[in-house]
Amino acid sequence: MAKFGNRIVVPSQLAVILIIFAQPALLMGQQLAVNTPPEIFAKPTTASAEMDPSLAGHASAPAERNALIIRSNVRTVSSTKLVTIPTLDEHGFWDRQNRTLFAMNAALAGADFATTRRNLNHNGTELNPLTRMWSGSTPGLAANFAMETGGVIGVSYLFHKTGHHKLERMTSYVNLSASAFAVSYGLAHR
């Protein structure tokens with residue numbers, strides 16, 4: 001647990017806060033406004049024959065002169081459609097690299113399950129407090145590691161859909177390194 005001001009924050013709340021702050025588009029909602037169109041009508045000005053030669057004979061009607069100037073200064077605004085151009089950075093979610101990373105995550109989660117189960121059967125203790133909740137039974141422990149792999153795929157998909165392709169791959173790399181450490185630690189402390 002961590003203290004945030006005078007409030008105690010549990011790890012699950014801290015994880016949600018970190019995920020929210022990792023999404024800058026959520027924090028920049030005010031800055032994503034659409035450009036405003038240019039001024040449609042010109043400001044009314046006084047008319048003279050020098051500005052518009054067609055008004056030379058209408059010196060007695062000032063309101064008519066202003067109306068003619070406003071009508072002559074009307075600009076049309078064309079509507080534009082936003083077109084997104086794919087960059088070279090974009091890729092499909094189930095491309096070869098992601099499939100490989102997810103398969104490696106699943107394999108290391110299976111190896112972590114096997115070493116953890118073996119150590120628990122030989123009177124070892126689970127050091128991860130989140131996994132410790134599920135370590136009472138083999139199906140519970142298997143479900144924990146399956147949810148871990150599914151969570152990695154889900155978070156990677158979230159990053160992919162929001163355009164954070166480096167974070168998408170980084171999620172798998174971080175989990176791979178954590179699982180590799182857990183397996184090597186479990187094998188070293190049998």
# chains A, B, ... in the order shown; residues from 1 in each chain; ligands from 1

call {"tool": "residues_around", "arguments": {"residues": "Ala146 (chain A)", "least_positions_apart": "3", "cutoff": "10 Å", "atoms": "only C-alpha atoms", "output": "PyMOL selection string"}}
result
chain A and resi 106+109-110+113+140-143+149-151

call {"tool": "write_last_selection", "arguments": {"atoms": "C-alpha atoms", "output": "short mmCIF file (atom, residue, chain, number, x, y, z; two decimals), in the first residue's frame"}}
result
data_model
loop_
_atom_site.label_atom_id
_atom_site.label_comp_id
_atom_site.auth_asym_id
_atom_site.auth_seq_id
_atom_site.Cartn_x
_atom_site.Cartn_y
_atom_site.Cartn_z
CA ALA A 106 2.01 -18.32 -22.51
CA ALA A 109 3.43 -18.61 -17.72
CA GLY A 110 3.19 -22.41 -18.06
CA PHE A 113 2.97 -22.48 -13.08
CA GLY A 140 -6.84 -21.84 -9.04
CA LEU A 141 -3.13 -21.48 -9.72
CA ALA A 142 -3.63 -22.49 -13.38
CA ALA A 143 -6.44 -19.92 -13.68
CA THR A 149 -1.52 -14.25 -20.16
CA GLY A 150 -4.98 -12.99 -21.10
CA GLY A 151 -4.30 -9.73 -19.27
#

call {"tool": "residues_around", "arguments": {"residues": "Asn175 (chain A)", "least_positions_apart": "6", "cutoff": "12 Å", "atoms": "only C-alpha atoms", "output": "number ranges by chain"}}
result
A: 101-102, 104-109, 112, 145, 148-153, 155-156, 168-169, 181-182

call {"tool": "write_last_selection", "arguments": {"atoms": "C-alpha atoms", "output": "PDB file, in the first residue's frame"}}
result
ATOM      1  CA  LEU A 101       5.400 -12.610 -28.031  1.00  0.00           C
ATOM      2  CA  PHE A 102       2.036 -13.946 -26.819  1.00  0.00           C
ATOM      3  CA  MET A 104       6.345 -16.874 -25.415  1.00  0.00           C
ATOM      4  CA  ASN A 105       4.270 -15.274 -22.630  1.00  0.00           C
ATOM      5  CA  ALA A 106       2.013 -18.322 -22.514  1.00  0.00           C
ATOM      6  CA  ALA A 107       5.006 -20.708 -22.465  1.00  0.00           C
ATOM      7  CA  LEU A 108       6.724 -18.820 -19.645  1.00  0.00           C
ATOM      8  CA  ALA A 109       3.435 -18.613 -17.722  1.00  0.00           C
ATOM      9  CA  ASP A 112       6.074 -20.447 -13.949  1.00  0.00           C
ATOM     10  CA  PHE A 145      -1.460 -17.834 -14.888  1.00  0.00           C
ATOM     11  CA  GLU A 148      -2.035 -13.277 -16.511  1.00  0.00           C
ATOM     12  CA  THR A 149      -1.519 -14.251 -20.155  1.00  0.00           C
ATOM     13  CA  GLY A 150      -4.983 -12.993 -21.095  1.00  0.00           C
ATOM     14  CA  GLY A 151      -4.302  -9.729 -19.272  1.00  0.00           C
ATOM     15  CA  VAL A 152      -1.099  -9.194 -21.238  1.00  0.00           C
ATOM     16  CA  ILE A 153      -2.999  -9.723 -24.501  1.00  0.00           C
ATOM     17  CA  VAL A 155      -3.496  -4.554 -22.276  1.00  0.00           C
ATOM     18  CA  SER A 156      -1.500  -4.933 -25.498  1.00  0.00           C
ATOM     19  CA  GLU A 168       1.886  -2.546 -26.953  1.00  0.00           C
ATOM     20  CA  ARG A 169       5.114  -4.477 -27.481  1.00  0.00           C
ATOM     21  CA  PHE A 181      12.830 -14.057 -13.416  1.00  0.00           C
ATOM     22  CA  ALA A 182      10.099 -15.931 -11.525  1.00  0.00           C
TER      23      ALA A 182
END

call {"tool": "atom_distance", "arguments": {"atom1": "CA of Ser184 (chain A)", "atom2": "CA of Arg99 (chain A)"}}
result
23.7 Å

call {"tool": "atom_distance", "arguments": {"atom1": "CA of Glu90 (chain A)", "atom2": "CA of Tyr157 (chain A)"}}
result
13.0 Å

call {"tool": "decode", "arguments": {"residues": "region 102-135 of chain A", "atoms": "C-alpha atoms", "output": "PDB file, in the first residue's frame"}}
result
ATOM      1  CA  PHE A 102       2.036 -13.946 -26.819  1.00  0.00           C
ATOM      2  CA  ALA A 103       3.155 -17.553 -27.379  1.00  0.00           C
ATOM      3  CA  MET A 104       6.345 -16.874 -25.415  1.00  0.00           C
ATOM      4  CA  ASN A 105       4.270 -15.274 -22.630  1.00  0.00           C
ATOM      5  CA  ALA A 106       2.013 -18.322 -22.514  1.00  0.00           C
ATOM      6  CA  ALA A 107       5.006 -20.708 -22.465  1.00  0.00           C
ATOM      7  CA  LEU A 108       6.724 -18.820 -19.645  1.00  0.00           C
ATOM      8  CA  ALA A 109       3.435 -18.613 -17.722  1.00  0.00           C
ATOM      9  CA  GLY A 110       3.190 -22.409 -18.055  1.00  0.00           C
ATOM     10  CA  ALA A 111       6.772 -22.829 -16.846  1.00  0.00           C
ATOM     11  CA  ASP A 112       6.074 -20.447 -13.949  1.00  0.00           C
ATOM     12  CA  PHE A 113       2.971 -22.484 -13.082  1.00  0.00           C
ATOM     13  CA  ALA A 114       4.972 -25.724 -13.096  1.00  0.00           C
ATOM     14  CA  THR A 115       7.822 -24.405 -10.919  1.00  0.00           C
ATOM     15  CA  THR A 116       5.428 -22.684  -8.526  1.00  0.00           C
ATOM     16  CA  ARG A 117       3.263 -25.814  -8.195  1.00  0.00           C
ATOM     17  CA  ARG A 118       6.329 -27.982  -7.581  1.00  0.00           C
ATOM     18  CA  ASN A 119       7.724 -25.611  -4.952  1.00  0.00           C
ATOM     19  CA  LEU A 120       4.351 -25.348  -3.204  1.00  0.00           C
ATOM     20  CA  ASN A 121       4.075 -29.154  -3.099  1.00  0.00           C
ATOM     21  CA  HIS A 122       7.476 -29.280  -1.380  1.00  0.00           C
ATOM     22  CA  ASN A 123       6.433 -26.875   1.426  1.00  0.00           C
ATOM     23  CA  GLY A 124       7.532 -23.716  -0.376  1.00  0.00           C
ATOM     24  CA  THR A 125       5.697 -20.415  -0.178  1.00  0.00           C
ATOM     25  CA  GLU A 126       4.395 -18.158  -2.908  1.00  0.00           C
ATOM     26  CA  LEU A 127       6.124 -14.770  -2.762  1.00  0.00           C
ATOM     27  CA  ASN A 128       3.737 -12.885  -5.086  1.00  0.00           C
ATOM     28  CA  PRO A 129       0.823 -11.639  -2.946  1.00  0.00           C
ATOM     29  CA  LEU A 130      -1.616 -11.623  -5.878  1.00  0.00           C
ATOM     30  CA  THR A 131      -0.770 -15.190  -6.870  1.00  0.00           C
ATOM     31  CA  ARG A 132      -0.821 -16.294  -3.226  1.00  0.00           C
ATOM     32  CA  MET A 133      -4.637 -15.860  -3.217  1.00  0.00           C
ATOM     33  CA  TRP A 134      -4.939 -18.522  -5.932  1.00  0.00           C
ATOM     34  CA  SER A 135      -2.186 -20.887  -4.796  1.00  0.00           C
TER      35      SER A 135
END
